[in-house]
>>> print(open('coords.txt').read())   # compact mmCIF, C-alpha atoms
# COMPACT_ATOMS: atom_id res chain seq x y z
CA MET A 1 42.76 12.05 -20.89
CA LYS A 2 41.20 13.98 -23.77
CA PRO A 3 37.37 14.01 -23.72
CA THR A 4 35.66 12.02 -26.44
CA PRO A 5 33.97 14.25 -29.04
CA PHE A 6 30.17 14.10 -28.86
CA SER A 7 28.05 16.35 -31.02
CA ARG A 8 24.66 17.76 -30.03
CA ARG A 9 23.10 16.03 -33.02
CA THR A 10 24.49 12.65 -31.93
CA LEU A 11 23.23 13.25 -28.41
CA GLY A 12 19.74 14.10 -29.67
CA LEU A 13 19.59 11.04 -31.88
CA SER A 14 20.72 8.76 -29.05
CA LEU A 15 18.14 10.07 -26.62
CA ALA A 16 15.40 9.93 -29.23
CA ALA A 17 16.23 6.31 -29.91
CA GLY A 18 15.87 5.54 -26.21
CA LEU A 19 19.51 4.59 -25.79
CA VAL A 20 21.82 5.19 -22.86
CA SER A 21 24.86 7.11 -24.05
CA THR A 22 27.98 8.16 -22.21
CA LEU A 23 30.30 11.13 -22.08
CA ALA A 24 33.86 10.76 -20.94
CA VAL A 25 34.12 12.95 -17.86
CA GLY A 26 37.41 12.99 -15.99
CA GLY A 27 38.29 9.64 -17.47
CA ARG A 28 35.03 8.00 -16.26
CA ALA A 29 31.88 7.16 -18.15
CA ALA A 30 28.86 9.20 -16.98
CA PRO A 31 25.52 7.78 -18.16
CA LEU A 32 22.94 9.91 -19.92
CA ALA A 33 19.66 8.19 -19.06
CA THR A 34 16.50 8.60 -21.07
CA ALA A 35 13.72 10.62 -19.48
CA VAL A 36 11.18 8.63 -17.46
CA ARG A 37 7.66 8.67 -18.87
CA ARG A 38 5.30 10.40 -16.44
CA ARG A 39 2.25 8.26 -15.77
CA GLY A 40 0.08 11.01 -14.26
CA ILE A 41 -0.61 8.91 -11.16
CA PRO A 42 -0.75 10.86 -7.87
CA LEU A 43 1.82 9.74 -5.29
CA GLY A 44 1.65 9.85 -1.51
CA PHE A 45 2.34 7.79 1.58
CA ASP A 46 0.49 5.90 4.30
CA ASN A 47 1.24 7.29 7.76
CA PHE A 48 2.02 3.78 9.04
CA ALA A 49 5.23 3.99 7.02
CA VAL A 50 6.56 6.44 9.61
CA ARG A 51 4.71 5.06 12.66
CA ALA A 52 7.78 5.39 14.92
CA MET A 53 7.66 9.18 14.57
CA GLY A 54 4.38 9.51 16.48
CA TRP A 55 3.43 12.53 14.35
CA ASN A 56 0.06 14.24 14.47
CA ALA A 57 -1.94 15.06 11.34
CA ARG A 58 -0.29 18.43 10.70
CA GLN A 59 3.21 17.01 11.09
CA LEU A 60 2.34 14.22 8.64
CA ILE A 61 1.00 16.76 6.16
CA ASP A 62 4.19 18.80 6.52
CA HIS A 63 6.28 15.70 5.77
CA ALA A 64 4.17 14.91 2.71
CA GLU A 65 4.80 18.45 1.46
CA LYS A 66 8.53 18.10 2.20
CA LEU A 67 8.70 14.91 0.11
CA GLY A 68 6.79 16.56 -2.75
CA CYS A 69 3.86 14.16 -2.37
CA ASP A 70 0.43 14.72 -3.87
CA SER A 71 -1.37 12.91 -1.07
CA LEU A 72 -1.31 11.62 2.50
CA PHE A 73 -3.17 8.53 3.67
CA ILE A 74 -3.95 8.66 7.40
CA THR A 75 -5.00 5.10 8.18
CA ASP A 76 -5.92 5.42 11.86
CA PHE A 77 -7.56 8.05 14.04
CA GLY A 78 -4.57 8.56 16.35
CA PRO A 79 -2.97 11.49 14.46
CA PHE A 80 -6.13 13.56 15.05
CA GLU A 81 -5.37 13.52 18.78
CA GLY A 82 -8.98 12.94 19.79
CA LEU A 83 -10.30 15.98 17.88
CA LEU A 84 -12.83 14.23 15.66
CA ASP A 85 -15.50 16.94 15.49
CA ASP A 86 -16.48 18.52 12.18
CA ASP A 87 -14.78 21.87 12.80
CA SER A 88 -11.44 20.32 13.79
CA LEU A 89 -11.44 17.99 10.79
CA ASP A 90 -12.42 20.80 8.42
CA GLU A 91 -9.43 22.75 9.72
CA ILE A 92 -7.09 19.80 9.04
CA GLY A 93 -8.55 19.50 5.56
CA ARG A 94 -7.83 23.17 4.86
CA TYR A 95 -4.32 22.85 6.28
CA ALA A 96 -3.60 20.05 3.82
CA SER A 97 -5.27 21.80 0.89
CA ASP A 98 -3.24 24.96 1.46
CA ARG A 99 -0.10 22.85 1.07
CA GLY A 100 -1.26 21.03 -2.03
CA VAL A 101 -1.68 17.70 -0.22
CA GLY A 102 -4.81 15.60 -0.71
CA LEU A 103 -6.07 13.51 2.21
CA GLU A 104 -7.37 9.98 2.42
CA LEU A 105 -8.64 8.37 5.63
CA GLY A 106 -8.70 4.90 7.10
CA SER A 107 -9.17 2.92 10.29
CA TRP A 108 -9.24 -0.68 11.49
CA SER A 109 -11.54 -3.70 11.75
CA ILE A 110 -15.28 -3.43 11.17
CA CYS A 111 -15.82 -7.19 11.51
CA PRO A 112 -17.34 -7.69 14.99
CA THR A 113 -16.24 -11.34 15.13
CA SER A 114 -12.65 -10.77 14.03
CA THR A 115 -9.82 -11.46 16.45
CA THR A 116 -8.66 -7.89 15.77
CA PHE A 117 -11.93 -6.04 16.45
CA ARG A 118 -11.82 -3.37 19.16
CA LYS A 119 -14.72 -1.50 20.74
CA ASP A 120 -12.85 1.81 20.97
CA TRP A 121 -15.46 3.48 18.73
CA GLY A 122 -18.52 1.50 19.79
CA THR A 123 -20.08 -1.17 17.63
CA ALA A 124 -18.76 -2.04 14.19
CA GLU A 125 -21.60 0.02 12.69
CA ASP A 126 -20.73 2.98 14.95
CA HIS A 127 -17.09 2.77 13.90
CA LEU A 128 -17.95 2.67 10.22
CA ALA A 129 -20.43 5.54 10.49
CA LEU A 130 -17.84 7.67 12.32
CA GLY A 131 -15.25 6.99 9.63
CA ILE A 132 -17.67 7.93 6.86
CA ARG A 133 -18.44 11.25 8.54
CA MET A 134 -14.75 11.97 9.18
CA ALA A 135 -13.81 11.14 5.58
CA GLN A 136 -16.47 13.54 4.32
CA ASP A 137 -15.14 16.31 6.58
CA LEU A 138 -11.57 15.77 5.38
CA GLY A 139 -12.49 15.58 1.71
CA SER A 140 -11.47 11.92 1.41
CA LYS A 141 -13.38 10.06 -1.29
CA ALA A 142 -12.82 6.74 0.46
CA PHE A 143 -12.66 5.35 3.97
CA ARG A 144 -10.33 2.37 4.39
CA VAL A 145 -11.29 -0.46 6.74
CA ILE A 146 -10.10 -4.02 7.33
CA LEU A 147 -11.70 -7.34 8.16
CA GLY A 148 -8.87 -8.61 10.38
CA ASN A 149 -5.76 -10.76 9.93
CA HIS A 150 -4.63 -14.29 9.03
CA GLN A 151 -5.83 -15.71 12.36
CA ASP A 152 -9.43 -15.09 11.29
CA ARG A 153 -9.05 -17.78 8.66
CA LEU A 154 -8.94 -20.40 11.42
CA THR A 155 -11.82 -19.08 13.55
CA GLU A 156 -15.18 -20.87 13.75
CA GLY A 157 -16.76 -20.84 10.30
CA GLY A 158 -13.48 -19.77 8.72
CA ILE A 159 -13.01 -16.74 6.53
CA ASP A 160 -16.41 -17.23 4.86
CA ALA A 161 -18.17 -16.55 8.17
CA ARG A 162 -16.05 -13.45 8.78
CA ILE A 163 -16.84 -12.20 5.26
CA ALA A 164 -20.56 -12.62 5.94
CA ASP A 165 -20.30 -10.69 9.20
CA THR A 166 -18.39 -7.87 7.49
CA VAL A 167 -20.87 -7.67 4.62
CA SER A 168 -23.70 -7.31 7.15
CA VAL A 169 -22.00 -4.31 8.78
CA LEU A 170 -21.28 -2.72 5.42
CA LYS A 171 -24.87 -3.04 4.25
CA ALA A 172 -26.10 -1.45 7.48
CA CYS A 173 -24.16 1.72 6.58
CA ARG A 174 -24.88 1.78 2.85
CA SER A 175 -27.15 4.84 2.89
CA LYS A 176 -24.67 6.82 5.02
CA ALA A 177 -21.85 6.10 2.59
CA LEU A 178 -23.89 6.98 -0.48
CA ASP A 179 -25.25 10.17 1.07
CA ALA A 180 -21.72 11.27 2.03
CA GLY A 181 -20.22 10.36 -1.34
CA VAL A 182 -17.64 8.19 0.44
CA LYS A 183 -16.72 4.73 -0.77
CA ILE A 184 -15.78 2.09 1.81
CA ALA A 185 -12.40 0.61 0.85
CA VAL A 186 -11.85 -2.84 2.36
CA GLU A 187 -8.18 -3.81 2.50
CA ASN A 188 -6.59 -7.19 1.97
CA HIS A 189 -4.92 -7.06 5.37
CA ALA A 190 -2.22 -9.17 7.07
CA GLY A 191 -3.17 -12.42 5.39
CA ASP A 192 -6.92 -12.24 6.02
CA LEU A 193 -8.38 -12.13 2.51
CA HIS A 194 -7.15 -13.66 -0.73
CA SER A 195 -7.92 -11.38 -3.67
CA ARG A 196 -10.69 -13.67 -4.93
CA GLU A 197 -12.32 -13.62 -1.49
CA LEU A 198 -12.10 -9.84 -1.29
CA GLU A 199 -13.61 -9.58 -4.76
CA ARG A 200 -16.53 -11.71 -3.53
CA LEU A 201 -16.93 -9.57 -0.40
CA VAL A 202 -17.20 -6.39 -2.48
CA GLU A 203 -19.73 -7.91 -4.87
CA GLU A 204 -21.86 -9.31 -2.05
CA ALA A 205 -21.87 -6.01 -0.14
CA GLY A 206 -22.44 -3.84 -3.21
CA PRO A 207 -19.79 -2.30 -5.48
CA ASP A 208 -21.85 0.90 -5.67
CA PHE A 209 -20.52 1.87 -2.22
CA VAL A 210 -17.79 -0.69 -1.40
CA GLY A 211 -14.39 -0.93 -3.05
CA VAL A 212 -10.87 -2.10 -2.27
CA ASN A 213 -7.82 -0.62 -0.62
CA PHE A 214 -5.14 -2.69 -2.33
CA ASP A 215 -2.06 -3.67 -0.32
CA SER A 216 0.67 -5.28 -2.44
CA GLY A 217 2.68 -6.48 0.56
CA ASN A 218 -0.29 -8.18 2.15
CA ALA A 219 -0.98 -10.04 -1.09
CA LEU A 220 2.32 -11.87 -0.53
CA TRP A 221 1.02 -13.12 2.83
CA THR A 222 -1.89 -14.84 1.07
CA LEU A 223 0.49 -16.64 -1.32
CA GLU A 224 -0.19 -14.29 -4.23
CA ASP A 225 1.93 -12.49 -6.77
CA PRO A 226 0.81 -8.88 -6.15
CA LEU A 227 0.36 -8.34 -9.89
CA ALA A 228 -2.00 -11.33 -10.07
CA ALA A 229 -3.94 -10.00 -7.07
CA LEU A 230 -4.15 -6.56 -8.68
CA GLU A 231 -5.48 -8.08 -11.90
CA THR A 232 -8.33 -9.63 -9.91
CA LEU A 233 -9.15 -6.57 -7.81
CA SER A 234 -8.36 -3.62 -10.11
CA PRO A 235 -12.01 -3.04 -11.12
CA HIS A 236 -12.75 -2.29 -7.46
CA VAL A 237 -9.57 -0.51 -6.31
CA VAL A 238 -10.22 2.98 -4.92
CA SER A 239 -7.15 3.44 -2.70
CA THR A 240 -3.79 1.78 -2.03
CA SER A 241 -1.12 0.99 0.53
CA LEU A 242 1.85 -0.32 -1.46
CA ARG A 243 5.32 -1.69 -0.84
CA ASP A 244 7.79 -4.02 -2.55
CA GLY A 245 8.94 -7.37 -1.17
CA GLN A 246 11.38 -10.22 -1.46
CA VAL A 247 10.20 -13.84 -1.50
CA TRP A 248 12.55 -16.78 -1.33
CA GLU A 249 12.33 -20.53 -0.86
CA SER A 250 12.86 -21.99 2.62
CA ASP A 251 12.95 -25.49 4.11
CA LYS A 252 9.27 -25.24 5.06
CA GLY A 253 7.99 -23.26 2.07
CA VAL A 254 8.96 -19.63 1.54
CA LYS A 255 9.94 -16.55 3.49
CA VAL A 256 8.55 -13.10 2.76
CA GLN A 257 10.23 -9.84 3.72
CA TRP A 258 8.72 -6.52 2.75
CA THR A 259 11.07 -3.89 1.36
CA ALA A 260 11.29 -0.34 0.12
CA MET A 261 10.09 0.16 -3.44
CA GLY A 262 12.53 -1.14 -6.03
CA GLU A 263 14.36 -3.41 -3.56
CA GLY A 264 12.18 -6.52 -3.89
CA CYS A 265 11.32 -9.02 -6.59
CA ILE A 266 7.91 -7.70 -7.64
CA ASP A 267 7.83 -6.64 -11.29
CA LEU A 268 6.89 -3.03 -10.53
CA GLN A 269 7.00 -1.84 -14.13
CA ALA A 270 4.43 -4.46 -15.12
CA PHE A 271 2.45 -3.77 -11.95
CA PHE A 272 2.13 -0.06 -12.72
CA ASP A 273 1.50 -0.66 -16.42
CA HIS A 274 -1.61 -2.56 -15.31
CA PHE A 275 -2.42 -0.05 -12.57
CA GLU A 276 -2.18 2.90 -14.96
CA LYS A 277 -4.60 1.29 -17.40
CA HIS A 278 -7.13 -0.20 -14.98
CA CYS A 279 -7.09 2.08 -11.90
CA PRO A 280 -7.42 5.60 -13.36
CA GLY A 281 -7.46 8.39 -10.80
CA VAL A 282 -6.41 6.17 -7.90
CA VAL A 283 -3.61 7.51 -5.69
CA VAL A 284 -0.51 5.40 -5.07
CA ASN A 285 0.24 5.57 -1.34
CA ILE A 286 3.49 4.01 -0.18
CA GLU A 287 3.39 2.05 3.08
CA THR A 288 6.92 0.83 3.71
CA ILE A 289 6.99 -1.82 6.42
CA SER A 290 10.29 -3.66 6.23
CA GLY A 291 13.12 -5.25 8.11
CA PHE A 292 11.63 -8.60 9.15
CA ALA A 293 10.77 -11.87 7.41
CA ARG A 294 7.69 -14.07 7.82
CA GLU A 295 7.76 -17.73 6.90
CA LEU A 296 4.83 -19.29 5.03
CA PRO A 297 5.28 -23.03 5.69
CA PHE A 298 3.14 -24.36 2.86
CA LEU A 299 5.10 -27.65 2.77
CA GLU A 300 3.44 -28.53 6.08
CA THR A 301 0.00 -30.13 5.77
CA ASP A 302 -1.63 -28.10 8.56
CA PHE A 303 -0.85 -24.84 6.78
CA TRP A 304 -3.49 -25.53 4.14
CA LYS A 305 -6.35 -25.66 6.66
CA ALA A 306 -6.43 -21.88 6.32
CA TYR A 307 -6.51 -21.99 2.49
CA PRO A 308 -8.83 -24.84 1.47
CA THR A 309 -9.92 -23.15 -1.77
CA MET A 310 -6.55 -21.97 -3.09
CA GLN A 311 -6.41 -22.28 -6.88
CA ALA A 312 -3.39 -24.03 -8.38
CA ALA A 313 -2.92 -21.33 -11.03
CA ASP A 314 -2.73 -18.59 -8.37
CA PHE A 315 -0.24 -20.56 -6.31
CA ALA A 316 1.89 -21.30 -9.40
CA ARG A 317 2.33 -17.58 -10.08
CA PHE A 318 3.38 -17.06 -6.46
CA GLU A 319 5.90 -19.92 -6.72
CA ALA A 320 7.35 -18.37 -9.85
CA LEU A 321 7.79 -15.10 -7.95
CA ALA A 322 9.59 -16.90 -5.13
CA ARG A 323 12.04 -18.40 -7.62
CA ARG A 324 13.01 -14.87 -8.70
CA GLY A 325 13.61 -13.62 -5.17
CA HIS A 326 16.55 -14.00 -2.83
CA ALA A 327 17.14 -13.92 0.92
CA ILE A 328 17.88 -10.58 2.58
CA ASP A 329 19.01 -9.74 6.08
CA PRO A 330 16.57 -8.36 8.66
CA PHE A 331 16.95 -4.91 10.18
CA GLN A 332 18.77 -5.07 13.51
CA THR A 333 17.89 -2.37 16.03
CA PRO A 334 20.31 -1.50 18.81
CA ASP A 335 19.36 -2.09 22.43
CA GLY A 336 18.61 0.62 24.93
CA ASP A 337 17.90 4.29 24.38
CA ALA A 338 19.13 4.29 20.78
CA ARG A 339 16.46 1.82 19.64
CA LYS A 340 13.66 4.31 18.98
CA GLU A 341 15.95 6.76 17.21
CA ALA A 342 17.29 3.97 14.97
CA GLU A 343 13.76 2.83 14.08
CA GLN A 344 12.76 6.39 13.22
CA ALA A 345 15.79 6.90 10.99
CA TYR A 346 15.20 3.53 9.29
CA GLN A 347 11.54 4.26 8.54
CA LEU A 348 12.21 7.77 7.25
CA ALA A 349 14.98 6.53 4.95
CA ASP A 350 12.86 3.62 3.65
CA LEU A 351 10.03 5.96 2.75
CA GLU A 352 12.28 8.58 1.17
CA ARG A 353 14.01 5.98 -1.03
CA SER A 354 10.64 4.58 -2.04
CA ILE A 355 9.18 7.96 -3.00
CA ARG A 356 12.32 8.78 -4.99
CA TYR A 357 12.22 5.42 -6.80
CA CYS A 358 8.52 5.81 -7.60
CA ARG A 359 9.07 9.27 -9.00
CA ASP A 360 12.41 8.83 -10.79
CA THR A 361 12.13 5.24 -12.04
CA LEU A 362 8.41 4.42 -12.23
CA GLY A 363 7.20 7.84 -13.36
CA LEU A 364 4.68 8.30 -10.52
CA GLY A 365 3.69 11.60 -8.97
CA VAL A 366 2.02 14.73 -10.30
CA ARG A 367 3.62 17.59 -8.38
CA GLY A 368 6.80 19.15 -9.70
>>> encode(input="coords.txt", output="C-alpha cells")
Amino acid sequence: MKPTPFSRRTLGLSLAAGLVSTLAVGGRAAPLATAVRRRGIPLGFDNFAVRAMGWNARQLIDHAEKLGCDSLFITDFGPFEGLLDDDSLDEIGRYASDRGVGLELGSWSICPTSTTFRKDWGTAEDHLALGIRMAQDLGSKAFRVILGNHQDRLTEGGIDARIADTVSVLKACRSKALDAGVKIAVENHAGDLHSRELERLVEEAGPDFVGVNFDSGNALWTLEDPLAALETLSPHVVSTSLRDGQVWESDKGVKVQWTAMGEGCIDLQAFFDHFEKHCPGVVVNIETISGFARELPFLETDFWKAYPTMQAADFARFEALARRGHAIDPFQTPDGDARKEAEQAYQLADLERSIRYCRDTLGLGVRG
C-alpha cells in the first residue's frame, strides 16, 4: 500500500491546532499525539507503594532515581533500620541529594486515644518531636502524621474527641516545629477524617505550623469525591500521597477499589488543574495501594452513626462519582512460596504505570 502524502507544513499546522493526525505506516494508522503541557509539579512516590519489597532508605532512593522521580516520601521509620541519629540521617539526606532526589518524611498516629496509636516511640509528644528532628536532618519541609482510622469515628466521644486530643499534642510541639522550620502534615487516613473535619483540625491547632498531607484514595473512604476534598483542603496542603480509584454501586451502597493512576474514575485532569493552581510547590507523591475492594454500606442505617454531620452536597458529589465508575476484579495472589514474589511484581508494576501516566498524560514531573 502506497503511503499517504503528508507535508511538513500540514504536520505543523495539525500539531499547532492541537489535533491528532495520522500517517499511514505499513498500512496502519499511527497516531501523532500533541505534546503534553508540563505543569512544573515535582513527582515522586510514597514508599508504602512498594511495601512488599522491604527496601531500606538507600534502596528506595535508588528506585526513585531509576524511575526518574524528583522526590521520595518515606512515610515510616522502618527504612532507616533503627539509625535515627543526626549523623546517620544527614548521610541519607546527602545520598538522596547526590542523586537528585528530594526527601519527605512521615510516620503514624500522634493521637494517644486512637485505636491505632502505638508507644514504639514513647508518648505522642515524644513521637512528634522525634519526627520533627528527623525531618529537619533529612531536609524534609514537612513531617506527615495521622490521627488514626475509620474505627476512631465510633470510639467514645466520636471523631470530635479524637480531633481534640490530636490538637492538644500538636500544640505541645508547636515551638519545636517552628524552630525546625518543619510543618506538621496531618493526613486524611483510612476513613478517619472527612476533609471538613481535617480543615477544622488544622485551624484549631494553628495553620502556621500544621498543614495537610492529602490522600486522594482515603477521601473515597469518607464518601468524598477526591476533587471536592482537595477543594476544601488545598489552602493547607503541604504534601501528598495520591492514587486513583474506582467506585461503583452495590446492593448495600458502593464499593471502592483503589487503582494505579489513570485506571480509576477520578477526573485527574480536573484534579491536577486545581492542584496546579492552588498547591504551588507541593510534590505529588504516588502511593499505589490496589487490588482489593471495600464496601461502604451507606444504605444501612447503622452506617451513618459514624458520619452524623455529613453534608448532602458533599455526598451528592460522591454519588455522582460512583455513577461514573464500574466494577473491577481484585488482584489474586497465588498460594505458597510464589505469593510474596507476585505481590512484589504487582506493586512495582502498579507504581511504574502510575509514574508513567503522571508524566506522559498529566504533565507531572520536573526531571528530564
>>> closest_residue(input="coords.txt", among="A:His326, A:Lys305, A:Arg39, A:His194", to="Gly245 (chain A)", atoms="all atoms listed in the file")
A:His326
>>> residues_around(input="coords.txt", residues="region 211-222 of chain A", least_positions_apart="2", cutoff="6 Å", atoms="all atoms listed in the file", output="PyMOL selection string")
chain A and resi 184-187+189-191+194+224+226+236-243
>>> write_last_selection(input="coords.txt", atoms="C-alpha atoms", output="short mmCIF file (atom, residue, chain, number, x, y, z; two decimals), in the coordinates of the input")
data_model
loop_
_atom_site.label_atom_id
_atom_site.label_comp_id
_atom_site.auth_asym_id
_atom_site.auth_seq_id
_atom_site.Cartn_x
_atom_site.Cartn_y
_atom_site.Cartn_z
CA ILE A 184 -15.78 2.09 1.81
CA ALA A 185 -12.40 0.61 0.85
CA VAL A 186 -11.85 -2.84 2.36
CA GLU A 187 -8.18 -3.81 2.50
CA HIS A 189 -4.92 -7.06 5.37
CA ALA A 190 -2.22 -9.17 7.07
CA GLY A 191 -3.17 -12.42 5.39
CA HIS A 194 -7.15 -13.66 -0.73
CA GLU A 224 -0.19 -14.29 -4.23
CA PRO A 226 0.81 -8.88 -6.15
CA HIS A 236 -12.75 -2.29 -7.46
CA VAL A 237 -9.57 -0.51 -6.31
CA VAL A 238 -10.22 2.98 -4.92
CA SER A 239 -7.15 3.44 -2.70
CA THR A 240 -3.79 1.78 -2.03
CA SER A 241 -1.12 0.99 0.53
CA LEU A 242 1.85 -0.32 -1.46
CA ARG A 243 5.32 -1.69 -0.84
#
>>> atom_distance(input="coords.txt", atom1="CA of Ala161 (chain A)", atom2="CA of Leu201 (chain A)")
11.1 Å
>>> closest_residue(input="coords.txt", among="A:Asp360, A:Asp302, A:Glu287, A:Asp152", to="Gln347 (chain A)", atoms="only C-alpha atoms")
A:Glu287
>>> closest_residue(input="coords.txt", among="A:Asp335, A:Gly44, A:Gly93, A:Leu154", to="Trp304 (chain A)", atoms="all atoms listed in the file")
A:Leu154
>>> atom_distance(input="coords.txt", atom1="CA of Gly68 (chain A)", atom2="CA of Leu362 (chain A)")
15.5 Å
>>> axis_aligned_box(input="coords.txt", around="region 56-63 of chain A", padding_each_side="4 Å", output="JSON")
{"center_x": 2.2, "center_y": 16.5, "center_z": 10.1, "size_x": 16.2, "size_y": 12.6, "size_z": 16.7}
>>> atom_distance(input="coords.txt", atom1="CA of Val210 (chain A)", atom2="CA of Leu351 (chain A)")
28.9 Å
>>> closest_residue(input="coords.txt", among="A:Asp337, A:Asp85, A:Glu91, A:Glu249", to="Phe298 (chain A)", atoms="all atoms listed in the file")
A:Glu249
>>> closest_residue(input="coords.txt", among="A:Gln332, A:Leu364, A:Asp62, A:Lys183", to="Phe272 (chain A)", atoms="all atoms listed in the file")
A:Leu364
>>> closest_residue(input="coords.txt", among="A:Val247, A:Ala270, A:Gln344, A:Leu299", to="Trp55 (chain A)", atoms="only C-alpha atoms")
A:Gln344
>>> residues_around(input="coords.txt", residues="Lys119 (chain A)", least_positions_apart="6", cutoff="10 Å", atoms="all atoms listed in the file", output="ChimeraX atom specification")
/A:109-110,112,126-127
>>> residues_near_point(input="coords.txt", point="(14.3, 1.7, -8.1)", cutoff="7 Å", atoms="only C-alpha atoms", output="PDB file with C-alpha atoms, keeping the file's coordinate frame")
ATOM      1  CA  MET A 261      10.090   0.160  -3.440  1.00  0.00           C
ATOM      2  CA  GLY A 262      12.530  -1.140  -6.030  1.00  0.00           C
ATOM      3  CA  GLU A 263      14.360  -3.410  -3.560  1.00  0.00           C
ATOM      4  CA  TYR A 357      12.220   5.420  -6.800  1.00  0.00           C
ATOM      5  CA  THR A 361      12.130   5.240 -12.040  1.00  0.00           C
TER       6      THR A 361
END
